[in-house]
$ cat model_36.csv   # CSV, C-alpha atoms and all ligand atoms
chain,number,residue,atom,x,y,z
A,352,MET,CA,47.4,0.3,-11.2
A,353,ASP,CA,46.7,-3.3,-10.2
A,354,ALA,CA,43.3,-4.9,-10.5
A,355,ASP,CA,42.5,-4.7,-6.8
A,356,ALA,CA,43.1,-1.0,-6.7
A,357,THR,CA,40.8,-0.5,-9.7
A,358,ILE,CA,38.1,-2.6,-8.2
A,359,ARG,CA,38.3,-0.6,-4.9
A,360,ARG,CA,38.2,2.7,-6.9
A,361,VAL,CA,35.0,1.5,-8.7
A,362,LEU,CA,33.4,0.4,-5.4
A,363,GLU,CA,34.3,3.8,-3.8
A,364,GLU,CA,32.7,5.7,-6.7
A,365,HIS,CA,29.6,3.6,-7.3
A,366,GLY,CA,29.1,1.3,-4.4
A,367,ARG,CA,27.6,3.7,-1.8
A,368,LEU,CA,29.2,1.5,0.9
A,369,SER,CA,29.2,2.1,4.6
A,370,THR,CA,33.0,1.4,4.7
A,371,PRO,CA,35.7,3.2,2.6
A,372,ALA,CA,36.6,0.8,-0.2
A,373,THR,CA,40.3,1.0,0.7
A,374,ALA,CA,39.5,-0.4,4.2
A,375,LEU,CA,37.7,-3.5,2.9
A,376,ALA,CA,39.1,-7.0,3.2
A,377,THR,CA,39.2,-9.0,0.0
A,378,ASP,CA,36.5,-11.4,1.3
A,379,ASP,CA,34.2,-8.8,3.0
A,380,ASP,CA,30.6,-9.2,2.0
A,381,LEU,CA,29.8,-6.1,0.0
A,382,TYR,CA,26.1,-6.5,0.4
A,383,GLN,CA,26.6,-6.5,4.2
A,384,ARG,CA,28.6,-3.3,3.7
A,385,GLY,CA,25.6,-1.6,2.2
A,386,LEU,CA,25.9,-2.4,-1.5
A,387,SER,CA,22.3,-2.3,-2.8
A,388,SER,CA,21.0,-4.2,-5.8
A,389,HIS,CA,20.8,-1.1,-7.8
A,390,ALA,CA,24.3,0.1,-6.8
A,391,SER,CA,25.6,-3.4,-7.7
A,392,VAL,CA,24.4,-2.7,-11.3
A,393,ASN,CA,26.3,0.5,-11.4
A,394,VAL,CA,29.4,-1.3,-10.0
A,395,MET,CA,29.0,-3.9,-12.7
A,396,LEU,CA,28.8,-1.3,-15.5
A,397,ALA,CA,31.7,0.7,-14.1
A,398,LEU,CA,33.9,-2.5,-13.9
A,399,GLU,CA,33.1,-3.3,-17.5
A,400,GLU,CA,34.3,0.2,-18.5
A,401,ALA,CA,37.4,0.2,-16.3
A,402,PHE,CA,38.5,-3.3,-17.5
A,403,GLY,CA,37.3,-3.1,-21.0
A,404,VAL,CA,35.3,-6.4,-20.6
A,405,GLU,CA,31.7,-7.5,-20.9
A,406,PHE,CA,30.3,-9.8,-18.3
A,407,PRO,CA,28.5,-12.7,-20.0
A,408,ASP,CA,24.9,-13.4,-18.9
A,409,GLU,CA,25.9,-16.2,-16.5
A,410,LEU,CA,28.0,-13.7,-14.5
A,411,LEU,CA,25.2,-11.1,-14.4
A,412,ARG,CA,24.1,-12.1,-10.9
A,413,LYS,CA,24.6,-10.5,-7.6
A,414,SER,CA,26.9,-13.2,-6.3
A,415,THR,CA,29.5,-12.2,-8.9
A,416,PHE,CA,29.8,-8.8,-7.0
A,417,GLN,CA,29.7,-10.2,-3.5
A,418,SER,CA,33.3,-9.4,-2.6
A,419,ILE,CA,36.5,-7.9,-4.0
A,420,GLY,CA,37.7,-11.5,-4.3
A,421,SER,CA,34.7,-12.7,-6.2
A,422,ILE,CA,34.9,-9.7,-8.6
A,423,ARG,CA,38.6,-10.4,-9.1
A,424,GLY,CA,37.8,-14.1,-9.8
A,425,ALA,CA,35.2,-13.2,-12.4
A,426,LEU,CA,37.5,-10.8,-14.1
A,427,ALA,CA,40.3,-13.3,-14.1
A,428,GLY,CA,37.9,-15.8,-15.7
A,429,LEU,CA,37.4,-13.3,-18.5
A,430,GLY,CA,41.1,-13.3,-19.1
A,431,ASN,CA,41.4,-9.7,-18.2
A,432,ALA,CA,42.2,-9.1,-14.5
A,433,VAL,CA,44.5,-6.1,-15.4
A,434,PRO,CA,42.9,-2.8,-16.4
A,435,PRO,CA,44.1,-1.3,-19.6
A,436,ALA,CA,46.8,1.3,-19.1
B,413,MET,CA,-13.6,-18.2,-25.8
B,414,GLY,CA,-10.5,-17.5,-28.0
B,415,GLU,CA,-7.3,-19.3,-28.7
B,416,SER,CA,-4.4,-18.9,-26.4
B,417,SER,CA,-2.5,-16.7,-28.8
B,418,SER,CA,-5.4,-14.6,-29.9
B,419,HIS,CA,-6.4,-11.6,-27.9
B,420,GLU,CA,-7.5,-10.1,-31.3
B,421,SER,CA,-10.9,-11.7,-31.3
B,422,PHE,CA,-11.6,-10.7,-27.7
B,423,ARG,CA,-10.4,-7.1,-28.4
B,424,THR,CA,-12.7,-6.9,-31.5
B,425,THR,CA,-15.7,-8.1,-29.4
B,426,LEU,CA,-15.0,-5.6,-26.6
B,427,LEU,CA,-14.8,-2.8,-29.2
B,428,ASP,CA,-17.9,-4.0,-31.1
B,429,ARG,CA,-19.9,-4.1,-27.9
B,430,ARG,CA,-18.5,-0.6,-26.9
B,431,ILE,CA,-17.3,-2.1,-23.6
B,432,LEU,CA,-14.1,-0.3,-24.5
B,433,THR,CA,-13.6,2.4,-27.1
B,434,ALA,CA,-10.2,2.5,-28.8
B,435,THR,CA,-8.2,5.6,-29.5
B,436,ASP,CA,-5.6,6.3,-32.2
B,437,VAL,CA,-2.9,5.1,-29.8
B,438,PRO,CA,-2.6,1.4,-29.0
B,439,GLY,CA,-3.3,0.6,-25.4
B,440,LEU,CA,-5.4,3.8,-24.6
B,441,TYR,CA,-9.1,3.1,-24.2
B,442,GLN,CA,-12.2,4.8,-23.0
B,443,ARG,CA,-14.3,2.7,-20.6
B,444,SER,CA,-18.1,2.2,-20.8
B,445,GLU,CA,-20.3,2.7,-17.8
B,446,GLY,CA,-20.7,-1.0,-17.4
B,447,PHE,CA,-17.0,-1.7,-17.4
B,448,GLU,CA,-16.4,1.1,-15.0
B,449,ALA,CA,-19.1,-0.3,-12.6
B,450,VAL,CA,-17.2,-3.6,-12.6
B,451,VAL,CA,-13.9,-1.8,-11.8
B,452,ARG,CA,-15.4,0.2,-9.0
B,453,GLY,CA,-17.2,-2.9,-7.6
B,454,LEU,CA,-13.9,-4.7,-7.6
B,455,SER,CA,-12.2,-1.8,-5.9
B,456,GLY,CA,-14.8,-1.9,-3.2
B,457,ALA,CA,-14.6,-5.7,-2.8
B,458,LEU,CA,-10.8,-5.5,-2.4
B,459,ALA,CA,-11.1,-2.7,0.2
B,460,ALA,CA,-13.5,-4.7,2.2
B,461,THR,CA,-11.0,-7.6,2.6
B,462,VAL,CA,-8.1,-5.7,4.1
B,463,PRO,CA,-7.5,-7.3,7.5
B,464,GLU,CA,-6.6,-5.7,10.8
B,465,GLY,CA,-9.1,-2.9,11.0
B,466,PRO,CA,-9.3,0.4,9.3
B,467,VAL,CA,-6.3,1.3,7.2
B,468,GLU,CA,-5.7,4.7,5.8
B,469,THR,CA,-6.6,4.8,2.1
B,470,ARG,CA,-5.3,7.3,-0.5
B,471,TYR,CA,-6.6,7.9,-4.0
B,472,LEU,CA,-3.8,9.4,-6.1
B,473,ALA,CA,-3.6,11.5,-9.2
B,474,PRO,CA,-2.3,9.8,-12.3
B,475,VAL,CA,0.7,12.2,-12.2
B,476,MET,CA,3.3,12.6,-9.5
B,477,PRO,CA,6.5,14.6,-8.8
B,478,ARG,CA,9.1,13.6,-11.3
B,479,ASP,CA,11.6,13.1,-8.5
B,480,VAL,CA,9.8,10.0,-7.5
B,481,LEU,CA,11.0,8.3,-10.7
B,482,GLU,CA,14.6,9.0,-9.6
B,483,ASP,CA,14.1,8.2,-5.9
B,484,SER,CA,12.4,4.8,-6.6
B,485,ASP,CA,15.2,3.9,-9.2
B,486,TYR,CA,12.4,3.5,-11.8
B,487,VAL,CA,14.2,5.8,-14.2
B,488,THR,CA,17.2,3.5,-14.4
B,489,SER,CA,15.3,0.2,-14.0
B,490,PHE,CA,12.5,0.9,-16.4
B,491,PRO,CA,13.4,3.9,-18.6
B,492,ASN,CA,11.5,2.4,-21.5
B,493,LEU,CA,8.2,2.2,-19.6
B,494,MET,CA,8.2,5.6,-17.8
B,495,GLY,CA,6.4,8.7,-18.8
B,496,VAL,CA,7.5,12.3,-18.1
B,497,VAL,CA,5.1,15.2,-18.8
B,498,SER,CA,6.4,17.8,-21.2
B,499,SER,CA,5.2,21.3,-21.7
B,500,PHE,CA,6.1,24.4,-23.6
B,501,LEU,CA,8.6,26.3,-21.4
B,502,GLY,CA,9.7,28.8,-24.0
B,503,GLY,CA,8.8,32.4,-24.3
B,504,GLU,CA,6.8,34.5,-26.8
B,505,GLY,CA,9.8,34.4,-29.2
B,506,ASP,CA,9.9,30.6,-29.4
B,507,LEU,CA,6.1,30.4,-29.9
B,508,SER,CA,6.2,31.3,-33.6
B,509,GLU,CA,8.4,28.3,-34.3
B,510,LEU,CA,5.9,26.1,-32.5
B,511,ARG,CA,3.0,27.6,-34.4
B,512,ARG,CA,4.9,27.2,-37.7
B,513,ARG,CA,5.6,23.5,-37.0
B,514,VAL,CA,2.1,22.7,-35.9
B,515,GLY,CA,0.7,24.6,-38.8
B,516,SER,CA,2.8,22.7,-41.3
B,517,GLY,CA,2.3,19.4,-39.7
B,518,GLU,CA,5.9,19.1,-38.7
B,519,ASP,CA,7.0,17.3,-35.5
B,520,TRP,CA,6.9,19.8,-32.6
B,521,GLY,CA,8.1,17.4,-29.9
B,522,ALA,CA,11.5,19.0,-29.7
B,523,LEU,CA,10.0,22.3,-28.8
B,524,VAL,CA,8.6,21.1,-25.5
B,525,ASP,CA,10.6,20.2,-22.4
B,526,PRO,CA,10.2,17.9,-19.5
B,527,THR,CA,8.4,19.4,-16.5
B,528,GLU,CA,8.7,18.5,-12.8
B,529,VAL,CA,5.7,16.2,-13.3
B,530,ALA,CA,5.8,12.5,-14.3
B,531,LEU,CA,3.1,9.8,-14.9
B,532,CYS,CA,2.6,7.5,-12.0
B,533,SER,CA,4.9,4.5,-12.3
B,534,ALA,CA,3.4,2.3,-9.6
B,535,ALA,CA,0.8,3.3,-7.0
B,536,CYS,CA,3.1,2.6,-4.0
B,537,HIS,CA,5.9,4.7,-5.4
B,538,GLN,CA,3.9,7.8,-4.6
B,539,LEU,CA,3.6,6.9,-0.9
B,540,TYR,CA,7.2,6.6,0.2
B,541,PRO,CA,8.2,10.2,-0.3
B,542,THR,CA,5.3,11.3,1.9
B,543,LEU,CA,6.6,9.0,4.7
B,544,ALA,CA,10.2,10.1,4.3
B,545,GLY,CA,12.0,10.6,7.7
B,546,SER,CA,9.3,8.9,9.7
B,547,THR,CA,9.5,5.9,12.0
B,548,VAL,CA,7.1,3.0,11.6
B,549,PRO,CA,6.2,0.4,14.3
B,550,ASP,CA,7.8,-3.0,13.9
B,551,GLU,CA,4.4,-4.7,13.6
B,552,GLY,CA,3.9,-2.6,10.5
B,553,PHE,CA,2.3,0.5,9.1
B,554,ASP,CA,-0.3,-0.3,6.4
B,555,LEU,CA,-1.6,2.0,3.7
B,556,GLN,CA,-4.1,1.3,1.0
B,557,VAL,CA,-3.7,3.1,-2.3
B,558,GLU,CA,-5.3,3.3,-5.7
B,559,ALA,CA,-3.9,5.2,-8.7
B,560,TYR,CA,-3.9,5.3,-12.4
B,561,CYS,CA,-0.5,4.0,-13.5
B,562,PHE,CA,1.3,4.4,-16.8
B,563,ARG,CA,3.5,2.0,-18.8
B,564,HIS,CA,4.7,3.0,-22.2
B,565,GLU,CA,4.3,-0.3,-24.0
B,566,PRO,CA,1.8,0.2,-26.9
B,567,SER,CA,0.0,-3.0,-27.6
B,568,GLU,CA,-3.2,-4.2,-29.3
B,569,ASP,CA,-3.7,-6.6,-26.4
B,570,PRO,CA,-6.4,-5.1,-24.2
B,571,ALA,CA,-4.7,-6.8,-21.2
B,572,ARG,CA,-1.8,-4.4,-21.8
B,573,MET,CA,-3.2,-1.0,-21.4
B,574,GLN,CA,-0.8,2.0,-21.2
B,575,SER,CA,-2.9,3.6,-18.5
B,576,PHE,CA,-4.7,1.5,-15.9
B,577,ARG,CA,-5.6,1.4,-12.2
B,578,MET,CA,-3.6,-0.4,-9.6
B,579,ARG,CA,-5.0,-0.9,-6.1
B,580,GLU,CA,-2.3,-1.8,-3.5
B,581,VAL,CA,-1.9,-2.5,0.1
B,582,VAL,CA,1.6,-1.5,1.3
B,583,ARG,CA,3.2,-2.4,4.6
B,584,LEU,CA,6.4,-0.9,6.1
B,585,GLY,CA,7.8,-2.5,9.2
B,586,SER,CA,10.1,-5.4,10.3
B,587,PRO,CA,11.3,-7.9,7.6
B,588,GLU,CA,9.0,-10.6,9.1
B,589,ARG,CA,5.9,-8.4,9.0
B,590,ALA,CA,6.6,-7.2,5.5
B,591,LEU,CA,7.0,-10.8,4.3
B,592,ALA,CA,3.9,-11.9,6.1
B,593,HIS,CA,2.0,-9.1,4.4
B,594,ARG,CA,3.2,-10.2,1.0
B,595,ASP,CA,2.3,-13.8,1.6
B,596,GLN,CA,-1.0,-13.2,3.3
B,597,GLY,CA,-1.9,-10.6,0.7
B,598,VAL,CA,-1.6,-13.1,-2.1
B,599,GLU,CA,-4.0,-15.4,-0.4
B,600,ARG,CA,-6.4,-12.6,0.4
B,601,VAL,CA,-6.5,-11.4,-3.2
B,602,ARG,CA,-6.7,-15.0,-4.4
B,603,ALA,CA,-9.7,-15.6,-2.2
B,604,VAL,CA,-11.5,-12.4,-3.5
B,605,LEU,CA,-10.8,-13.6,-7.1
B,606,ALA,CA,-12.2,-17.1,-6.3
B,607,GLU,CA,-15.4,-15.5,-5.0
B,608,LEU,CA,-15.6,-13.7,-8.3
B,609,GLY,CA,-15.3,-17.0,-10.1
B,610,LEU,CA,-11.7,-16.6,-11.2
B,611,GLU,CA,-9.2,-19.4,-10.5
B,612,ALA,CA,-5.8,-17.6,-10.2
B,613,ASP,CA,-2.5,-19.4,-9.9
B,614,VAL,CA,0.5,-18.1,-7.9
B,615,VAL,CA,3.7,-18.0,-9.8
B,616,GLU,CA,7.2,-16.7,-9.1
B,617,ALA,CA,8.0,-13.7,-11.2
B,618,ASN,CA,10.4,-10.9,-12.0
B,619,ASP,CA,10.0,-7.3,-13.1
B,620,PRO,CA,10.9,-6.5,-16.7
B,621,PHE,CA,14.0,-4.5,-15.7
B,622,PHE,CA,15.7,-2.9,-18.7
B,623,GLY,CA,19.0,-3.9,-20.2
B,624,ARG,CA,21.9,-5.9,-19.0
B,625,GLY,CA,21.9,-4.4,-15.6
B,626,GLY,CA,18.3,-5.3,-15.5
B,627,ARG,CA,19.0,-8.9,-16.2
B,628,MET,CA,21.1,-8.9,-13.0
B,629,LEU,CA,18.2,-7.4,-11.0
B,630,ALA,CA,15.7,-9.8,-12.5
B,631,ALA,CA,17.9,-12.9,-11.8
B,632,ASP,CA,18.4,-11.7,-8.2
B,633,GLN,CA,14.6,-11.1,-7.8
B,634,ARG,CA,13.9,-14.7,-8.9
B,635,GLU,CA,16.8,-16.3,-7.0
B,636,ARG,CA,15.5,-14.9,-3.8
B,637,ALA,CA,11.8,-15.3,-4.6
B,638,LEU,CA,11.0,-11.6,-3.9
B,639,LYS,CA,8.1,-11.4,-6.4
B,640,PHE,CA,5.0,-13.4,-7.0
B,641,GLU,CA,2.2,-13.0,-9.4
B,642,LEU,CA,-1.4,-14.2,-9.5
B,643,VAL,CA,-2.2,-15.2,-13.1
B,644,ALA,CA,-5.5,-15.9,-14.8
B,645,PRO,CA,-6.8,-15.7,-18.4
B,646,ILE,CA,-7.4,-12.0,-19.2
B,647,SER,CA,-7.9,-11.5,-22.9
B,648,SER,CA,-7.0,-15.0,-24.2
B,649,ALA,CA,-6.7,-18.4,-22.7
B,650,ALA,CA,-3.0,-17.7,-21.9
B,651,PRO,CA,-2.8,-16.7,-18.2
B,652,GLY,CA,-1.5,-13.2,-17.5
B,653,ALA,CA,-0.7,-11.3,-14.3
B,654,VAL,CA,-3.8,-9.8,-12.6
B,655,ALA,CA,-2.0,-9.1,-9.3
B,656,SER,CA,1.5,-9.0,-7.9
B,657,ALA,CA,3.1,-9.3,-4.5
B,658,ASN,CA,6.5,-7.8,-3.9
B,659,TYR,CA,8.9,-7.8,-1.0
B,660,HIS,CA,11.3,-4.8,-1.5
B,661,GLU,CA,13.5,-5.6,1.4
B,662,ASP,CA,14.8,-2.3,2.7
B,663,HIS,CA,15.1,-0.7,-0.7
B,664,PHE,CA,12.5,2.0,-0.1
B,665,GLY,CA,13.1,2.3,3.6
B,666,ARG,CA,16.7,3.0,3.0
B,667,ARG,CA,16.2,5.4,0.1
B,668,PHE,CA,13.4,7.4,1.8
B,669,GLU,CA,14.9,7.1,5.4
B,670,ILE,CA,11.8,5.4,6.7
B,671,ARG,CA,13.0,3.7,9.9
B,672,ARG,CA,12.0,1.1,12.4
B,673,ALA,CA,12.0,1.8,16.1
B,674,ASP,CA,15.6,0.7,16.4
B,675,GLY,CA,16.7,3.2,13.7
B,676,SER,CA,17.4,0.6,11.0
B,677,PRO,CA,15.7,1.1,7.6
B,678,ALA,CA,12.1,-0.2,7.4
B,679,HIS,CA,11.4,-3.2,5.1
B,680,SER,CA,8.4,-3.0,2.9
B,681,ALA,CA,6.1,-5.2,0.8
B,682,CYS,CA,3.2,-4.4,-1.5
B,683,VAL,CA,0.3,-6.4,-2.9
B,684,GLY,CA,-1.2,-4.8,-5.9
B,685,VAL,CA,-4.2,-5.7,-8.1
B,686,GLY,CA,-4.6,-4.5,-11.7
B,687,LEU,CA,-8.2,-3.4,-11.7
B,688,GLU,CA,-8.7,-3.3,-15.5
B,689,ARG,CA,-7.0,-6.7,-15.9
B,690,VAL,CA,-9.3,-8.3,-13.3
B,691,ALA,CA,-12.3,-6.6,-14.9
B,692,LEU,CA,-11.3,-8.0,-18.3
B,693,ALA,CA,-10.7,-11.4,-16.8
B,694,LEU,CA,-14.3,-11.3,-15.5
B,695,TYR,CA,-15.6,-10.5,-19.0
B,696,TRP,CA,-13.5,-13.3,-20.4
B,697,ALA,CA,-14.7,-15.8,-17.8
B,698,HIS,CA,-18.4,-14.9,-17.4
B,699,GLY,CA,-19.3,-13.3,-20.8
B,700,LEU,CA,-19.8,-9.9,-22.2
B,701,GLU,CA,-23.0,-8.9,-20.3
B,702,PRO,CA,-22.5,-8.4,-16.6
B,703,LEU,CA,-26.3,-8.6,-16.1
B,704,ASP,CA,-25.9,-12.3,-17.0
B,705,TRP,CA,-23.0,-13.0,-14.6
B,706,PRO,CA,-23.6,-15.4,-11.7
B,707,ARG,CA,-25.6,-13.8,-8.9
B,708,SER,CA,-22.8,-14.3,-6.4
B,709,VAL,CA,-20.3,-12.5,-8.6
B,710,ARG,CA,-22.7,-9.6,-9.2
B,711,SER,CA,-23.4,-9.3,-5.5
B,712,ARG,CA,-19.7,-9.4,-4.6
B,713,LEU,CA,-19.2,-6.5,-7.0
B,714,GLY,CA,-22.1,-4.6,-5.6
B,715,LEU,CA,-23.9,-4.8,-8.9
B,716,ALA,CA,-27.1,-5.9,-7.1
A,801,ZN,ZN,3.9,-1.5,-5.0

$ encode --input "model_36.csv" --output "structure tokens"
Amino acid sequence: MDADATIRRVLEEHGRLSTPATALATDDDLYQRGLSSHASVNVMLALEEAFGVEFPDELLRKSTFQSIGSIRGALAGLGNAVPPA
Amino acid sequence: MGESSSHESFRTTLLDRRILTATDVPGLYQRSEGFEAVVRGLSGALAATVPEGPVETRYLAPVMPRDVLEDSDYVTSFPNLMGVVSSFLGGEGDLSELRRRVGSGEDWGALVDPTEVALCSAACHQLYPTLAGSTVPDEGFDLQVEAYCFRHEPSEDPARMQSFRMREVVRLGSPERALAHRDQGVERVRAVLAELGLEADVVEANDPFFGRGGRMLAADQRERALKFELVAPISSAAPGAVASANYHEDHFGRRFEIRRADGSPAHSACVGVGLERVALALYWAHGLEPLDWPRSVRSRLGLA
């Protein structure tokens, strides 16, 4: 499973979005698609679990989780854009 | 009166003068008649300043349906501060074990279970479920509310009570009207405090959201300047929050399906005053005997 698919699965399960996560463009603004502040926390925690990473403090902000692309970028910055098998 | 770090001396004085009586649990106090008169006078003074005509006012019990903790996201945002009421839900058969433990001085906490009742987290939280499914006018629907609230944060600082009253004015409506309410509310409360001889500063603030996820919520709240506090010396020279003004965006409107005329979720804002904190600030500023407070302050509080 590639990173994108995992991110979409997490968004589908925790994002409570108005659009199915599979139908999202990489740069769609998730907050405009109904992602609430509290749901973004659940997404953050679920991503950490799925990718086996811990977001450092400076990435614990809503902008990190603005779009599939920004999430992918943050994960890549942590050197772990591929979920463990 | 004291040093900035020392609320101890103020606490000791309050207790010596029996203005407050301490209990065995830090942060739980009994109030004297004089202190209570100040709190009630303040409550009346605040009520008299709400603009735009008569607003429905509700006085709430210190407990609420436990569901409200969930629906307001309080249970995930502030699990360390919440309170849930437990009771003995067992049968006759389990009672003997309870009796045995109580009799032998053992801990019996594990034999009680959470009920459908919780302690009030914030005065405005109790309102939203009662408005669920309703439509509010864009210019705003205002409600005034007063409730005992609970925070599980045991402390010797009298400014940090576990159980205290919060008086709020809440508005649901368009984003513009909610924001206007927050910003005008700050000035309204600041003016009341000034009439009471308290100089309060407005500062940007964030809620003490729990954990790493909480850090994200707090950063966001600050980044977008959603929350302001009015701060003044309460129990020491160091200023503490006596009131807060919060813009919730559509958080509660969405969750409780409270809509605007166009069907979109209502935005909301609340301006809340901590009544015991302001009362303490008055004792701090004007002295321990309300009879000796400035005449204008006494009259504003209806103390004659
Ligand atoms: Zn409120």

$ closest_atom_pairs --input "model_36.csv" --of "chain B" --to "chain A" --cutoff "8 Å" --atoms "only C-alpha atoms" --output "JSON lines"
{"residue": "B:Asp485", "atom": "CA", "partner": "A:His389", "partner_atom": "CA", "distance": 7.6}
{"residue": "B:Arg624", "atom": "CA", "partner": "A:Leu411", "partner_atom": "CA", "distance": 7.7}
{"residue": "B:Gly625", "atom": "CA", "partner": "A:Val392", "partner_atom": "CA", "distance": 5.3}
{"residue": "B:Gly626", "atom": "CA", "partner": "A:Val392", "partner_atom": "CA", "distance": 7.8}
{"residue": "B:Arg627", "atom": "CA", "partner": "A:Leu411", "partner_atom": "CA", "distance": 6.8}
{"residue": "B:Met628", "atom": "CA", "partner": "A:Leu411", "partner_atom": "CA", "distance": 4.9}
{"residue": "B:Leu629", "atom": "CA", "partner": "A:Ser388", "partner_atom": "CA", "distance": 6.7}
{"residue": "B:Ala631", "atom": "CA", "partner": "A:Arg412", "partner_atom": "CA", "distance": 6.3}
{"residue": "B:Asp632", "atom": "CA", "partner": "A:Arg412", "partner_atom": "CA", "distance": 6.3}
{"residue": "B:His663", "atom": "CA", "partner": "A:Ser387", "partner_atom": "CA", "distance": 7.7}

$ residues_near_ligand --input "model_36.csv" --ligand "ligand ZN 801 (chain A)" --cutoff "12 Å" --atoms "all atoms listed in the file" --output "ChimeraX atom specification"
/B:484,486,532-540,555-559,561,578-584,594,619,639,655-660,664,680-686

$ atom_distance --input "model_36.csv" --atom1 "atom CA of B:Ala653" --atom2 "atom CA of B:Leu694"
13.7 Å

$ atom_distance --input "model_36.csv" --atom1 "atom CA of B:Gly585" --atom2 "atom CA of B:Glu669"
12.5 Å

$ residues_around --input "model_36.csv" --residues "stretch 601-608 of chain B" --least-positions-apart "3" --cutoff "6 Å" --atoms "all atoms listed in the file" --output "list in words"
Val598, Glu611 and Val709 of chain B

$ closest_residue --input "model_36.csv" --among "A:Arg367, A:Arg384, A:Arg423, A:Arg360" --to "A:Ala401" --atoms "only C-alpha atoms"
A:Arg360

$ residues_around --input "model_36.csv" --residues "B:Arg572" --least-positions-apart "4" --cutoff "10 Å" --atoms "only C-alpha atoms" --output "VMD selection string"
chain B and resid 438 to 440 563 to 568 576 646 to 647 652 688 to 689

$ write_last_selection --input "model_36.csv" --atoms "C-alpha atoms" --output "compact mmCIF listing (two decimals), in the coordinates of the input"
# COMPACT_ATOMS: atom_id res chain seq x y z
CA PRO B 438 -2.60 1.40 -29.00
CA GLY B 439 -3.30 0.60 -25.40
CA LEU B 440 -5.40 3.80 -24.60
CA ARG B 563 3.50 2.00 -18.80
CA HIS B 564 4.70 3.00 -22.20
CA GLU B 565 4.30 -0.30 -24.00
CA PRO B 566 1.80 0.20 -26.90
CA SER B 567 0.00 -3.00 -27.60
CA GLU B 568 -3.20 -4.20 -29.30
CA PHE B 576 -4.70 1.50 -15.90
CA ILE B 646 -7.40 -12.00 -19.20
CA SER B 647 -7.90 -11.50 -22.90
CA GLY B 652 -1.50 -13.20 -17.50
CA GLU B 688 -8.70 -3.30 -15.50
CA ARG B 689 -7.00 -6.70 -15.90

$ atom_distance --input "model_36.csv" --atom1 "atom CA of A:Ser369" --atom2 "atom CA of B:Thr488"
22.5 Å

$ residues_around --input "model_36.csv" --residues "B:Val475" --least-positions-apart "5" --cutoff "8 Å" --atoms "all atoms listed in the file" --output "NGL selection string"
:B and (529-532)

$ closest_residue --input "model_36.csv" --among "A:Asp353, A:Glu363, A:Glu400, A:Glu405" --to "A:Gly428" --atoms "all atoms listed in the file"
A:Glu405

$ residues_around --input "model_36.csv" --residues "A:Ile419" --least-positions-apart "4" --cutoff "7 Å" --atoms "all atoms listed in the file" --output "ChimeraX atom specification"
/A:358,377-378,423

$ residues_around --input "model_36.csv" --residues "B:Leu703" --least-positions-apart "5" --cutoff "10 Å" --atoms "only C-alpha atoms" --output "list in words"
Gly446, Arg710, Leu715 and Ala716 of chain B
